[in-house]
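Here's the structure, in structure tokens; my notes come after.
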Amino acid sequence: MYKKNYLNFLLALIPLSFIAGNLIININVLLIILFSIILYKSNVFKLEYFFLDKIIFIFFFFILFTGFYNDYYIYVNQNDYSVWSGYIHTIKKSIFFSRFLLFYIILRFLIEKDKINLYLFFASCSFASLFVCFDIFYQFINGKDLFGFGIIENTRKLSGPFGDELIAGGFIQRFSLFTFFFLPLFHSSVFKKNFKYLVLLMFVIFLSGIVLSGNRMPLLIFIFSIFLLIIFTDQIRKYFLQFMLVFALIFSLFFYFNSNFKSNVQNFSKQLSTMTGLILEKNFNINNSLNKFEGHDSYINDFSTFYETWKLNRLIGGGIKNYRYYCHLRSNKKLIYVNKKMVCNMHPHNYYLEILTDTGLLGLIIVSSIFIIILYITLIKKYFTISSLANNHIITPFIFLFLSEIFPIKSTGSFFTTSNATYIFLIMSILIALARKENFIEKKG
């Protein structure tokens with residue numbers, strides 16, 4: 001029993017570790033891996049691996065291959081960069097990223113073999129997301145949050161407990177959905193009496209928190225997630241009108257009485273229009289794109305630079321986290337800055353564009369195949385086929401959070417950073433494990 005309690009506790013710490021920062025996230029992930037191996041030894045690897053697992057393994061081996069290839073290429077052709085970053089710079093990053101393969105295998109084992117339950121995890125996600133919202137409210141009213149972090153100057157965003165990182169809205173969007181399921185799944189007798197009021201109250205709190213954070217894409221993704229819940233969840237669907245009225249009221253109040261939110265909405269609308277024009281005109285030339293859209297948000301510049309960067313390594317990519325280096329290359333032989341005003345970012349702010357530039361067309365095909373298979377064995381089987389998965393309600397938030405996370409048309413952080421990779425493989429591992437567990441029960445029955 002103590003084994004289960006200990007691992008439940010470590011899993012429940014994950015949302016809190018996102019508030020504490022990347023160092024704590026890494027420590028938490030490594031502790032889960034380490035103690036799972038200590039407690040269950042080689043048994044953690046004794047899973048029934050199926051086709052999807054093999055594709056995931058291929059993806060990680062492919063990352064290692066691109067790392068070796070690109071370090072050799074950079075050493076031969078751009079020795080100055082090799083000396084500056086180290087001769088095996090990409091290889092080291094690729095090997096360290098492999099910890100997420102272990103994380104995936106171990107979480108699958110723990111869920112499939114009933115070594116942990118998800119009660120504490122749901123409770124922790126609910127507490128953490130509510131805490132971030134109330135911390136943002138406190139910061140909005142008092143100018144400082146509960147930890148003493150002030151509002152960053154010359155910005156329209158509130159960071160809450162994240163200090164100088166303006167990511168509070170993204171955190172709320174990623175973890176708040178579990179709150180809508182915590183009480184009905186684990187305390188249904190208490191929840192039934194006040195279902196309507198509690199759901200609407202939580203919606204108001206989370207929506208207001210994201211709006212005040214100033215993070216526009218998380219706001220859209222949060223609304224998208226709620227919309228999916230309304231469509232696919234019978235309990236919530238009947239409150240569609242109330243959700244729409246509450247959303248319209250909150251949006252109108254902030255738009256007309258909060259200048260920061262109004263400015264954010266207007267700027268975001270302009271950026272979407274600009275991005276649409278870039279795509280429709282197929283204007284992927286860096287010089288032309290930057291000249292035409294100069295003065296707009298840096299995400300547009302990042303989008304416009306990815307195409308020339310990808311062309312340098314079309315098939316296998318430039319290796320993970322090498323985007324900034326290859327972004328400045330105009331040829332395979334010489335480092336030439338394409339535009340003096342252009343500053344290449346660390347990544348192109350979209351998972352798929354980053355995967356394309358870092359692992360090439362082959363990497364994108366592998367990742368897309370993984371995502372499509374996961375959606376088939378979860379979303380499609382649960383809602384569009386006759387399956388026992390239809391009665392599994394604990395999997396629901398994981399399905400919609402995964403779908404929201406891999407939504408192709410959105411700006412994102414880097415796929416290969418600690419926080420994003422941890423979240424993606426956390427949701428993905430639990431999702432696959434729950435689906436496989438249900439499939440096993442179905443076959444056994």
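Ordered as shown in the structure tokens, chains take letters A, B, and onward, while each chain numbers its residues from 1 and ligands are numbered from 1 in the order shown.
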
Do a neighbour search on stretch 137-151 of chain A at 12 Å with only C-alpha atoms, toss out local chain neighbours closer than 6 positions, and write the hits as a count of residues only.
-> 27

Give me the residues within 8 Å of A:Leu7 as a ChimeraX atom specification, counting only C-alpha atoms and dropping any in the same chain fewer than 4 places off.
-> /A:3,11,32,35-36,116

Could the residues in this selection be written to a file with C-alpha atoms, as an mmCIF file, in the first residue's frame?
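Wrote it out as selection31.cif, contents follow:
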```cif
data_model
loop_
_atom_site.group_PDB
_atom_site.id
_atom_site.type_symbol
_atom_site.label_atom_id
_atom_site.label_comp_id
_atom_site.auth_asym_id
_atom_site.auth_seq_id
_atom_site.Cartn_x
_atom_site.Cartn_y
_atom_site.Cartn_z
ATOM 1 C CA LYS A 3 4.215 1.953 -2.691
ATOM 2 C CA LEU A 11 2.177 12.054 -9.540
ATOM 3 C CA ILE A 32 8.821 8.906 -10.523
ATOM 4 C CA PHE A 35 11.325 4.997 -7.469
ATOM 5 C CA SER A 36 9.133 3.045 -9.869
ATOM 6 C CA ILE A 116 -1.655 4.069 -8.650
#
```

Write out as JSON, numbers by chain each polymer residue whose atoms come within 9 Å of A:Ser94, counting only C-alpha atoms; drop sequence neighbours fewer than 6 positions from it.
-> {"A": [60, 63, 64, 65, 66, 67, 68, 319, 320]}

Return as JSON lines the residues of stretch 175-256 of chain A lying at most 7 Å from stretch 401-413 of chain A, together with the closest atom-to-atom pair for each and the distance in Å to one decimal, counting only C-alpha atoms, with rows in chain order and ascending residue number.
```
{"residue": "A:Met217", "atom": "CA", "partner": "A:Lys410", "partner_atom": "CA", "distance": 6.9}
{"residue": "A:Ile221", "atom": "CA", "partner": "A:Ser404", "partner_atom": "CA", "distance": 6.3}
{"residue": "A:Ser225", "atom": "CA", "partner": "A:Ser404", "partner_atom": "CA", "distance": 6.6}
```

For the residues selected in the previous step, produce a file with C-alpha atoms as a compact mmCIF listing (two decimals), in the first residue's frame.
```txt
# COMPACT_ATOMS: atom_id res chain seq x y z
CA MET A 217 -4.22 31.31 -27.32
CA ILE A 221 -8.12 26.60 -26.44
CA SER A 225 -12.16 22.40 -24.68
```

Sel. of helix (DSSP H, G or I) residues, stretch 97-134 of chain A, as a PDB file with C-alpha atoms, in the first residue's frame:
```pdb
ATOM      1  CA  PHE A  97      15.217  13.899 -23.989  1.00  0.00           C
ATOM      2  CA  ARG A  99      13.961  10.322 -20.272  1.00  0.00           C
ATOM      3  CA  PHE A 100      10.451  10.926 -21.567  1.00  0.00           C
ATOM      4  CA  LEU A 101      10.434   7.473 -23.160  1.00  0.00           C
ATOM      5  CA  LEU A 102      11.085   6.004 -19.710  1.00  0.00           C
ATOM      6  CA  PHE A 103       8.440   8.329 -18.273  1.00  0.00           C
ATOM      7  CA  TYR A 104       5.944   7.055 -20.852  1.00  0.00           C
ATOM      8  CA  ILE A 105       6.683   3.363 -20.223  1.00  0.00           C
ATOM      9  CA  ILE A 106       6.556   3.719 -16.430  1.00  0.00           C
ATOM     10  CA  LEU A 107       3.312   5.697 -16.348  1.00  0.00           C
ATOM     11  CA  ARG A 108       1.726   3.126 -18.640  1.00  0.00           C
ATOM     12  CA  PHE A 109       2.832   0.353 -16.303  1.00  0.00           C
ATOM     13  CA  LEU A 110       1.587   2.147 -13.177  1.00  0.00           C
ATOM     14  CA  ILE A 111      -1.856   2.867 -14.642  1.00  0.00           C
ATOM     15  CA  GLU A 112      -2.399  -0.431 -16.461  1.00  0.00           C
ATOM     16  CA  TYR A 119      -7.754  10.641  -7.215  1.00  0.00           C
ATOM     17  CA  LEU A 120      -4.876  12.688  -5.799  1.00  0.00           C
ATOM     18  CA  PHE A 121      -3.811  13.783  -9.275  1.00  0.00           C
ATOM     19  CA  PHE A 122      -7.290  15.149 -10.067  1.00  0.00           C
ATOM     20  CA  ALA A 123      -7.427  16.840  -6.657  1.00  0.00           C
ATOM     21  CA  SER A 124      -3.985  18.398  -7.118  1.00  0.00           C
ATOM     22  CA  CYS A 125      -4.824  19.684 -10.621  1.00  0.00           C
ATOM     23  CA  SER A 126      -8.037  21.210  -9.273  1.00  0.00           C
ATOM     24  CA  PHE A 127      -6.302  22.882  -6.340  1.00  0.00           C
ATOM     25  CA  ALA A 128      -3.374  24.168  -8.437  1.00  0.00           C
ATOM     26  CA  SER A 129      -5.535  25.664 -11.190  1.00  0.00           C
ATOM     27  CA  LEU A 130      -7.873  27.342  -8.684  1.00  0.00           C
ATOM     28  CA  PHE A 131      -4.884  28.656  -6.723  1.00  0.00           C
ATOM     29  CA  VAL A 132      -3.337  30.221  -9.842  1.00  0.00           C
ATOM     30  CA  CYS A 133      -6.662  31.899 -10.675  1.00  0.00           C
ATOM     31  CA  PHE A 134      -7.086  33.391  -7.204  1.00  0.00           C
TER      32      PHE A 134
END
```

Identify which of the residues A:Asn345, A:Asn350, A:Gln242, A:Gln235 lies closest to A:Asn420, counting only C-alpha atoms when measuring atom-to-atom distances.
-> A:Asn350

Close residues, A:Gln173 itself excluded, 7 Å, only C-alpha atoms, min 3 positions apart in chain, as an mmCIF file with C-alpha atoms, in the first residue's frame:
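Output contents, as saved in part.cif:
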```
data_model
loop_
_atom_site.group_PDB
_atom_site.id
_atom_site.type_symbol
_atom_site.label_atom_id
_atom_site.label_comp_id
_atom_site.auth_asym_id
_atom_site.auth_seq_id
_atom_site.Cartn_x
_atom_site.Cartn_y
_atom_site.Cartn_z
ATOM 1 C CA GLY A 169 -3.198 31.331 -18.732
ATOM 2 C CA GLY A 170 -1.583 28.296 -20.327
ATOM 3 C CA SER A 176 -8.420 23.324 -14.971
ATOM 4 C CA PRO A 218 -4.931 29.512 -23.994
ATOM 5 C CA PHE A 222 -9.993 26.705 -23.113
#
```
